[in-house]
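Visitor: Data: coords.cif, mmCIF, C-alpha atoms.
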data_model
loop_
_atom_site.label_atom_id
_atom_site.label_comp_id
_atom_site.auth_asym_id
_atom_site.auth_seq_id
_atom_site.Cartn_x
_atom_site.Cartn_y
_atom_site.Cartn_z
CA MET A 1 6.39 -21.59 11.16
CA LYS A 2 3.16 -21.84 13.13
CA VAL A 3 2.68 -19.26 15.89
CA ILE A 4 -0.11 -19.59 18.46
CA LEU A 5 -1.18 -16.33 20.12
CA ASN A 6 -3.17 -17.17 23.24
CA SER A 7 -4.67 -14.18 25.03
CA ASP A 8 -3.83 -15.79 28.38
CA HIS A 9 -0.10 -15.55 27.56
CA ARG A 10 0.10 -11.99 26.26
CA THR A 11 2.85 -9.79 27.61
CA ASN A 12 0.86 -6.67 28.32
CA SER A 13 -2.60 -5.21 28.62
CA PRO A 14 -5.84 -6.73 29.92
CA ASN A 15 -7.67 -5.54 26.81
CA GLU A 16 -7.63 -6.51 23.16
CA ASN A 17 -4.70 -4.32 22.10
CA CYS A 18 -1.88 -6.54 23.16
CA VAL A 19 1.61 -7.95 22.57
CA TRP A 20 3.24 -11.37 22.72
CA ASP A 21 7.02 -11.73 23.13
CA LEU A 22 8.19 -14.75 21.14
CA THR A 23 10.36 -17.34 22.89
CA GLU A 24 12.66 -17.27 19.85
CA PRO A 25 12.85 -14.66 17.07
CA ILE A 26 11.74 -15.60 13.58
CA HIS A 27 14.38 -14.49 11.07
CA HIS A 28 14.09 -13.53 7.40
CA SER A 29 10.29 -13.63 7.41
CA THR A 30 8.64 -12.52 4.18
CA GLN A 31 4.96 -13.47 4.45
CA PHE A 32 2.25 -14.63 6.83
CA ARG A 33 -1.40 -15.57 7.04
CA VAL A 34 -4.03 -16.24 9.66
CA ARG A 35 -4.92 -19.92 9.79
CA GLN A 36 -7.49 -19.91 12.58
CA VAL A 37 -9.15 -17.64 15.12
CA ILE A 38 -11.08 -18.89 18.16
CA VAL A 39 -12.92 -16.09 19.91
CA PRO A 40 -15.97 -15.84 22.20
CA ASN A 41 -19.06 -13.96 21.05
CA THR A 42 -19.37 -12.31 24.45
CA SER A 43 -18.71 -8.59 24.07
CA TYR A 44 -21.21 -6.43 25.92
CA SER A 45 -23.50 -4.05 24.08
CA PHE A 46 -22.02 -0.92 25.61
CA ARG A 47 -18.62 0.67 25.90
CA ALA A 48 -17.80 0.49 29.57
CA SER A 49 -16.30 3.99 29.65
CA GLU A 50 -19.52 5.64 28.48
CA ALA A 51 -23.03 5.96 29.81
CA THR A 52 -25.69 4.23 27.75
CA LEU A 53 -27.46 7.55 27.24
CA VAL A 54 -26.87 11.10 28.44
CA ILE A 55 -30.20 12.93 28.80
CA GLY A 56 -30.19 16.61 29.71
CA GLY A 57 -26.65 16.22 31.03
CA VAL A 58 -27.61 13.26 33.25
CA ASP A 59 -26.01 9.83 32.75
CA VAL A 60 -28.50 7.01 32.23
CA VAL A 61 -26.81 3.62 32.58
CA VAL A 62 -28.48 0.29 31.93
CA PRO A 63 -26.76 -2.95 33.04
CA THR A 64 -23.47 -3.50 31.22
CA ASN A 65 -22.96 -7.10 32.33
CA LYS A 66 -25.08 -8.58 29.55
CA ARG A 67 -25.57 -8.18 25.85
CA TYR A 68 -29.16 -7.53 24.87
CA LYS A 69 -30.57 -9.76 22.15
CA GLN A 70 -34.16 -8.53 22.37
CA MET A 71 -35.25 -4.91 22.15
CA SER A 72 -38.13 -5.53 24.55
CA THR A 73 -35.71 -6.55 27.32
CA PHE A 74 -33.49 -3.56 26.64
CA LEU A 75 -36.45 -1.15 26.78
CA ILE A 76 -37.54 -2.50 30.16
CA ASP A 77 -34.09 -1.85 31.63
CA LEU A 78 -33.69 1.48 29.82
CA ASN A 79 -36.99 2.90 31.05
CA ALA A 80 -36.28 1.68 34.57
CA SER A 81 -32.91 3.46 34.48
CA VAL A 82 -34.54 6.67 33.21
CA ALA A 83 -37.14 6.54 35.98
CA ALA A 84 -34.38 6.13 38.58
CA VAL A 85 -32.71 9.48 37.83
CA THR A 86 -33.85 13.09 37.99
CA ILE A 87 -33.52 14.97 34.71
CA PRO A 88 -33.87 18.75 35.13
CA ASN A 89 -37.06 20.21 33.60
CA VAL A 90 -38.20 16.79 32.33
CA SER A 91 -41.25 15.46 34.17
CA SER A 92 -41.72 12.27 32.14
CA LEU A 93 -39.78 10.37 29.48
CA VAL A 94 -40.48 6.90 28.08
CA PHE A 95 -38.67 5.08 25.28
CA SER A 96 -40.30 2.76 22.76
CA PHE A 97 -39.08 1.19 19.52
CA ASP A 98 -40.37 1.47 15.95
CA GLU A 99 -39.76 -2.00 14.53
CA GLU A 100 -40.39 -1.00 10.91
CA LYS A 101 -37.99 1.95 10.93
CA GLY A 102 -35.51 0.47 13.38
CA VAL A 103 -35.42 3.65 15.48
CA LEU A 104 -36.05 4.55 19.10
CA LYS A 105 -39.05 6.77 19.87
CA ILE A 106 -39.23 9.13 22.83
CA THR A 107 -42.44 10.27 24.50
CA HIS A 108 -41.74 13.13 26.89
CA THR A 109 -43.04 16.12 28.81
CA SER A 110 -40.55 18.89 29.48
CA SER A 111 -40.53 22.60 30.23
CA THR A 112 -37.33 23.36 28.28
CA ASN A 113 -35.40 21.89 25.37
CA PHE A 114 -32.93 19.16 26.30
CA SER A 115 -30.35 16.96 24.55
CA ILE A 116 -30.03 13.18 24.30
CA GLY A 117 -26.75 11.51 23.39
CA ALA A 118 -26.16 7.78 22.93
CA ASN A 119 -23.26 5.47 23.67
CA ALA A 120 -20.90 5.28 20.69
CA ARG A 121 -21.76 1.59 20.19
CA PHE A 122 -25.18 2.55 18.86
CA GLY A 123 -23.88 4.72 16.06
CA VAL A 124 -26.66 7.32 16.33
CA PRO A 125 -26.09 11.08 16.67
CA SER A 126 -26.99 13.26 19.63
CA VAL A 127 -30.28 15.11 19.25
CA THR A 128 -31.94 18.18 20.77
CA VAL A 129 -35.53 17.58 21.89
CA ASN A 130 -37.93 20.50 21.96
CA ALA A 131 -39.98 21.26 25.04
CA GLY A 132 -43.59 20.14 25.08
CA THR A 133 -46.28 18.00 26.66
CA ALA A 134 -46.65 14.33 25.70
CA GLN A 135 -44.44 14.93 22.66
CA VAL A 136 -43.30 11.97 20.54
CA VAL A 137 -39.86 12.25 18.93
CA GLU A 138 -37.84 9.77 16.86
CA PHE A 139 -34.23 9.21 17.86
CA GLN A 140 -32.76 9.60 14.37
CA GLY A 141 -30.48 6.87 13.06
CA ILE A 142 -30.90 3.11 12.85
CA PHE A 143 -30.68 1.81 16.40
CA SER A 144 -29.06 -1.59 16.89
CA LEU A 145 -28.15 -3.57 19.99
CA LEU A 146 -25.54 -5.62 18.16
CA PRO A 147 -22.11 -4.26 19.12
CA TYR A 148 -20.45 -5.51 15.94
CA LYS A 149 -20.83 -8.01 13.11
CA SER A 150 -17.17 -8.81 12.59
CA LEU A 151 -13.74 -8.57 14.21
CA LEU A 152 -10.90 -6.85 12.38
CA LEU A 153 -7.37 -7.98 13.22
CA SER A 154 -4.66 -5.38 12.78
CA SER A 155 -1.03 -5.07 13.86
CA ASN A 156 1.91 -2.69 13.98
CA SER A 157 4.47 -5.51 14.06
CA LEU A 158 3.17 -7.64 11.17
CA MET A 159 3.69 -4.83 8.69
CA THR A 160 2.39 -5.42 5.18
CA ASP A 161 1.99 -3.36 2.03
CA ASP A 162 -0.36 -5.98 0.61
CA VAL A 163 -3.02 -4.21 -1.43
CA ARG A 164 -5.78 -6.18 0.32
CA SER A 165 -4.89 -4.64 3.66
CA SER A 166 -5.25 -1.14 2.28
CA THR A 167 -8.28 -1.46 0.02
CA GLU A 168 -10.39 -4.41 1.15
CA LEU A 169 -9.62 -4.56 4.86
CA GLY A 170 -8.56 -1.03 5.73
CA THR A 171 -5.59 -1.38 8.08
CA ALA A 172 -6.60 -4.92 9.06
CA PHE A 173 -4.93 -8.13 7.91
CA ALA A 174 -7.96 -10.36 8.58
CA VAL A 175 -11.71 -10.11 9.18
CA VAL A 176 -13.54 -12.64 11.37
CA PRO A 177 -17.36 -12.80 10.97
CA MET A 178 -19.06 -12.97 14.36
CA THR A 179 -21.57 -15.76 13.89
CA GLY A 180 -23.93 -17.54 16.24
CA SER A 181 -25.55 -16.22 19.40
CA PHE A 182 -24.28 -14.38 22.43
CA GLY A 183 -22.19 -16.77 24.51
CA ASP A 184 -21.12 -18.95 21.59
CA VAL A 185 -17.51 -19.61 20.67
CA VAL A 186 -16.70 -18.53 17.12
CA VAL A 187 -14.18 -20.75 15.30
CA TYR A 188 -12.94 -19.05 12.14
CA GLN A 189 -10.99 -21.18 9.68
CA ASN A 190 -9.21 -19.24 6.95
CA GLU A 191 -9.94 -21.06 3.70
CA ASN A 192 -7.82 -18.62 1.70
CA GLY A 193 -4.36 -20.02 1.06
CA GLU A 194 -2.90 -16.65 0.05
CA TYR A 195 -0.32 -14.95 2.24
CA MET A 196 0.20 -11.32 3.22
CA ARG A 197 3.62 -9.88 2.43
CA LEU A 198 5.98 -8.81 5.20
CA THR A 199 8.87 -6.42 4.80
CA ALA A 200 11.59 -8.52 3.12
CA GLY A 201 14.00 -10.12 5.55
CA GLN A 202 12.12 -8.98 8.64
CA THR A 203 13.01 -10.47 12.01
CA ILE A 204 10.03 -10.83 14.32
CA TYR A 205 10.70 -10.67 18.05
CA ARG A 206 7.22 -9.84 19.20
CA VAL A 207 3.74 -9.81 17.73
CA HIS A 208 1.16 -7.08 18.30
CA VAL A 209 -2.54 -7.61 17.55
CA MET A 210 -5.48 -5.27 18.00
CA LEU A 211 -9.10 -6.41 17.76
CA ARG A 212 -11.48 -3.78 16.41
CA ASP A 213 -15.04 -3.74 15.14
CA GLU A 214 -16.13 -2.62 11.68
CA LYS A 215 -16.34 0.99 12.91
CA GLY A 216 -12.75 0.92 14.09
CA VAL A 217 -13.64 0.78 17.79
CA GLN A 218 -11.39 -1.40 19.93
CA VAL A 219 -13.25 -4.47 21.16
CA ASP A 220 -13.33 -5.54 24.81
CA LEU A 221 -13.93 -9.27 25.26
CA ASN A 222 -14.31 -8.81 29.01
CA ASN A 223 -11.47 -11.05 30.16
CA GLN A 224 -12.58 -13.99 28.02
CA SER A 225 -9.83 -16.11 26.46
CA TRP A 226 -9.21 -16.06 22.71
CA LEU A 227 -6.66 -17.48 20.30
CA ILE A 228 -5.09 -16.67 16.94
CA GLU A 229 -3.03 -19.15 14.92
CA LEU A 230 -0.59 -17.58 12.46
CA GLU A 231 1.62 -19.13 9.82
CA ILE A 232 4.79 -17.12 9.20
CA LEU A 233 7.21 -17.94 6.37
#
What does the file become when written as structure tokens?
Guide:
Amino acid sequence: MKVILNSDHRTNSPNENCVWDLTEPIHHSTQFRVRQVIVPNTSYSFRASEATLVIGGVDVVVPTNKRYKQMSTFLIDLNASVAAVTIPNVSSLVFSFDEEKGVLKITHTSSTNFSIGANARFGVPSVTVNAGTAQVVEFQGIFSLLPYKSLLLSSNSLMTDDVRSSTELGTAFAVVPMTGSFGDVVVYQNENGEYMRLTAGQTIYRVHVMLRDEKGVQVDLNNQSWLIELEIL
């Protein structure tokens, strides 16, 4: 049986951890597979619940209504946001980017040590910066503006003990590569004809799906529509 999960028709939740109630239950199901996923490549760079950076205890927030594709554009907005706030004991602070190393660099003047923490999307650790005049410090860790490279589909209703979902995919039952540019629609066609096993004789009344990135962070598609086509046997 083919099941179309359209995000516009989900039962609960405005985010990408959601449930669909089926119009009719599917009885004695033993296996399933993803046939197609249509999803927008529109997730923002930053997690909306977190500041972009926290410097000396002060939130520094750059615009969250766009995804940055160029570091130069991001640096303009980041430095403008830093200049707009007052950071205790820090008289100047400017960010730049080391293209070869892929890391942010910080040039600062401060009278005391201070900490810098980044939004979880960036995957870089918090650092303590020592006081000094016109000091240059590297923000350790590869710094990327790309929020994720793939979408992982997982579920607590489509239960499977398939070895692929525990070794190759973690807890996910499918991985969708996010291709193209920001604003594109990604159409993923599953060319693999193999099915995932369901618990024998399972009756499915509702389907739960969570979209996560490769780090396990729940993805927010910002109210954009998306679709998953399943085949359940």
Visitor: Run the PyMOL selection byres ((chain A and resi 193) around 12) against the file shown and list the residues it catches, as a VMD selection string.
Guide: chain A and resid 31 to 36 189 to 192 194 to 196 231
Visitor: Can you work out which one of A:Phe182, A:Met210, A:Ser144, A:Asn12 has the shortest atom-to-atom distance to Leu158 (chain A), counting only C-alpha atoms?
Guide: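 The closest residue to Leu158 (chain A) is A:Met210.
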Visitor: Please compute the CA of Leu211 (chain A)-CA of Thr73 (chain A) distance, one decimal, in Å.
Guide: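 Separation between CA of Leu211 (chain A) and CA of Thr73 (chain A): 28.3 Å.
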Visitor: Using the chain letters and numbering of this document, enumerate as a PyMOL selection string the residues selected by the PyMOL selection byres ((chain A and resi 155) around 10).
Guide: chain A and resi 17-19+153-154+156-160+171-173+207-211
Visitor: Counting all atoms listed in the file, what is within 7 Å of Glu214 (chain A), bar same-chain residues fewer than 4 positions away, as a short mmCIF file (atom, residue, chain, number, x, y, z; two decimals) with C-alpha atoms, in the frame of the given file?
Guide:
data_model
loop_
_atom_site.label_atom_id
_atom_site.label_comp_id
_atom_site.auth_asym_id
_atom_site.auth_seq_id
_atom_site.Cartn_x
_atom_site.Cartn_y
_atom_site.Cartn_z
CA TYR A 148 -20.45 -5.51 15.94
CA SER A 150 -17.17 -8.81 12.59
CA LEU A 151 -13.74 -8.57 14.21
CA LEU A 152 -10.90 -6.85 12.38
#
Visitor: Give me the result of the PyMOL selection byres ((chain A and resi 128) around 12) on this file, residue by residue, as a PDB file with C-alpha atoms, in the frame of the given file.
Guide:
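Okay, result30.pdb is ready:
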ATOM      1  CA  VAL A  54     -26.870  11.100  28.440  1.00  0.00           C
ATOM      2  CA  ILE A  55     -30.200  12.930  28.800  1.00  0.00           C
ATOM      3  CA  GLY A  56     -30.190  16.610  29.710  1.00  0.00           C
ATOM      4  CA  GLY A  57     -26.650  16.220  31.030  1.00  0.00           C
ATOM      5  CA  ILE A 106     -39.230   9.130  22.830  1.00  0.00           C
ATOM      6  CA  THR A 112     -37.330  23.360  28.280  1.00  0.00           C
ATOM      7  CA  ASN A 113     -35.400  21.890  25.370  1.00  0.00           C
ATOM      8  CA  PHE A 114     -32.930  19.160  26.300  1.00  0.00           C
ATOM      9  CA  SER A 115     -30.350  16.960  24.550  1.00  0.00           C
ATOM     10  CA  ILE A 116     -30.030  13.180  24.300  1.00  0.00           C
ATOM     11  CA  GLY A 117     -26.750  11.510  23.390  1.00  0.00           C
ATOM     12  CA  PRO A 125     -26.090  11.080  16.670  1.00  0.00           C
ATOM     13  CA  SER A 126     -26.990  13.260  19.630  1.00  0.00           C
ATOM     14  CA  VAL A 127     -30.280  15.110  19.250  1.00  0.00           C
ATOM     15  CA  VAL A 129     -35.530  17.580  21.890  1.00  0.00           C
ATOM     16  CA  ASN A 130     -37.930  20.500  21.960  1.00  0.00           C
ATOM     17  CA  ALA A 131     -39.980  21.260  25.040  1.00  0.00           C
ATOM     18  CA  VAL A 137     -39.860  12.250  18.930  1.00  0.00           C
ATOM     19  CA  GLU A 138     -37.840   9.770  16.860  1.00  0.00           C
ATOM     20  CA  PHE A 139     -34.230   9.210  17.860  1.00  0.00           C
ATOM     21  CA  GLN A 140     -32.760   9.600  14.370  1.00  0.00           C
TER      22      GLN A 140
END
Visitor: Please provide as a list of chain:residue names all residues within 10 Å of Ile76 (chain A), with the sequence filter that same-chain residues fewer than 6 positions apart are discarded (counting only C-alpha atoms).
Guide: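 Here the qualifying residues turn out to be A:Val62, A:Phe95, A:Ser96.
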Visitor: Rank nothing, just name the residue among A:Val219, A:Val37, A:Val60, A:Val90 nearest to Leu78 (chain A), using all atoms listed in the file.
Guide: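 When distances to Leu78 (chain A) are compared using all atoms listed in the file, the smallest one comes from A:Val60.
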Visitor: Can you tell me, as JSON, numbers by chain, what residues are no more than 7 Å from His27 (chain A) when counting all atoms listed in the file, ignoring any on the same chain fewer than 6 positions away?
Guide: {"A": [202, 203, 204]}
Visitor: Give me, as a list in words, all polymer residues having an atom no more than 10 Å from Leu75 (chain A), counting all atoms listed in the file and skipping those fewer than 3 positions away in the same chain.
Guide: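 So the residues in contact are Val62, Tyr68, Gln70, Met71, Ser72, Leu78, Asn79, Ala80, Ser81, Val94, Phe95, Ser96, Phe97 and Leu104 of chain A.
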Visitor: Please indicate the distance in Å from CA of Trp226 (chain A) to CA of Arg206 (chain A), rounded to one decimal place.
Guide: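 About the pair CA of Trp226 (chain A) and CA of Arg206 (chain A): they are 17.9 Å apart.
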Visitor: Would you place a box with edges along x, y and z of the file around all atoms of region 98-113 of chain A listed there, add 8 Å to each of its six sides, and report the centre and edge lengths in Å to one decimal, as JSON?
Guide:
{"center_x": -39.2, "center_y": 10.7, "center_z": 20.6, "size_x": 23.6, "size_y": 41.4, "size_z": 35.3}
Visitor: Measuring between all atoms listed in the file, which one of A:Ile142, A:Thr86, A:Thr133, A:Asp184 shows the shortest distance to Val103 (chain A)?
Guide: A:Ile142
Visitor: With distances taken over only C-alpha atoms, which residue among A:Thr179, A:Ser91, A:Ser29, A:Asn222 lies nearest Leu198 (chain A)?
Guide: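 With only C-alpha atoms as the atom set, the closest residue is A:Ser29.
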Visitor: Please measure the separation of CA of Arg197 (chain A) and CA of Asp21 (chain A), giving the value in Å to one decimal.
Guide: 21.1 Å
Visitor: Check the smallest atom-to-atom distance from each of A:Ser49, A:Ser43, A:Thr11, A:Thr30 to Leu233 (chain A) using all atoms listed in the file, then report the winner.
Guide: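 Result for the nearest residue to Leu233 (chain A): A:Thr30.
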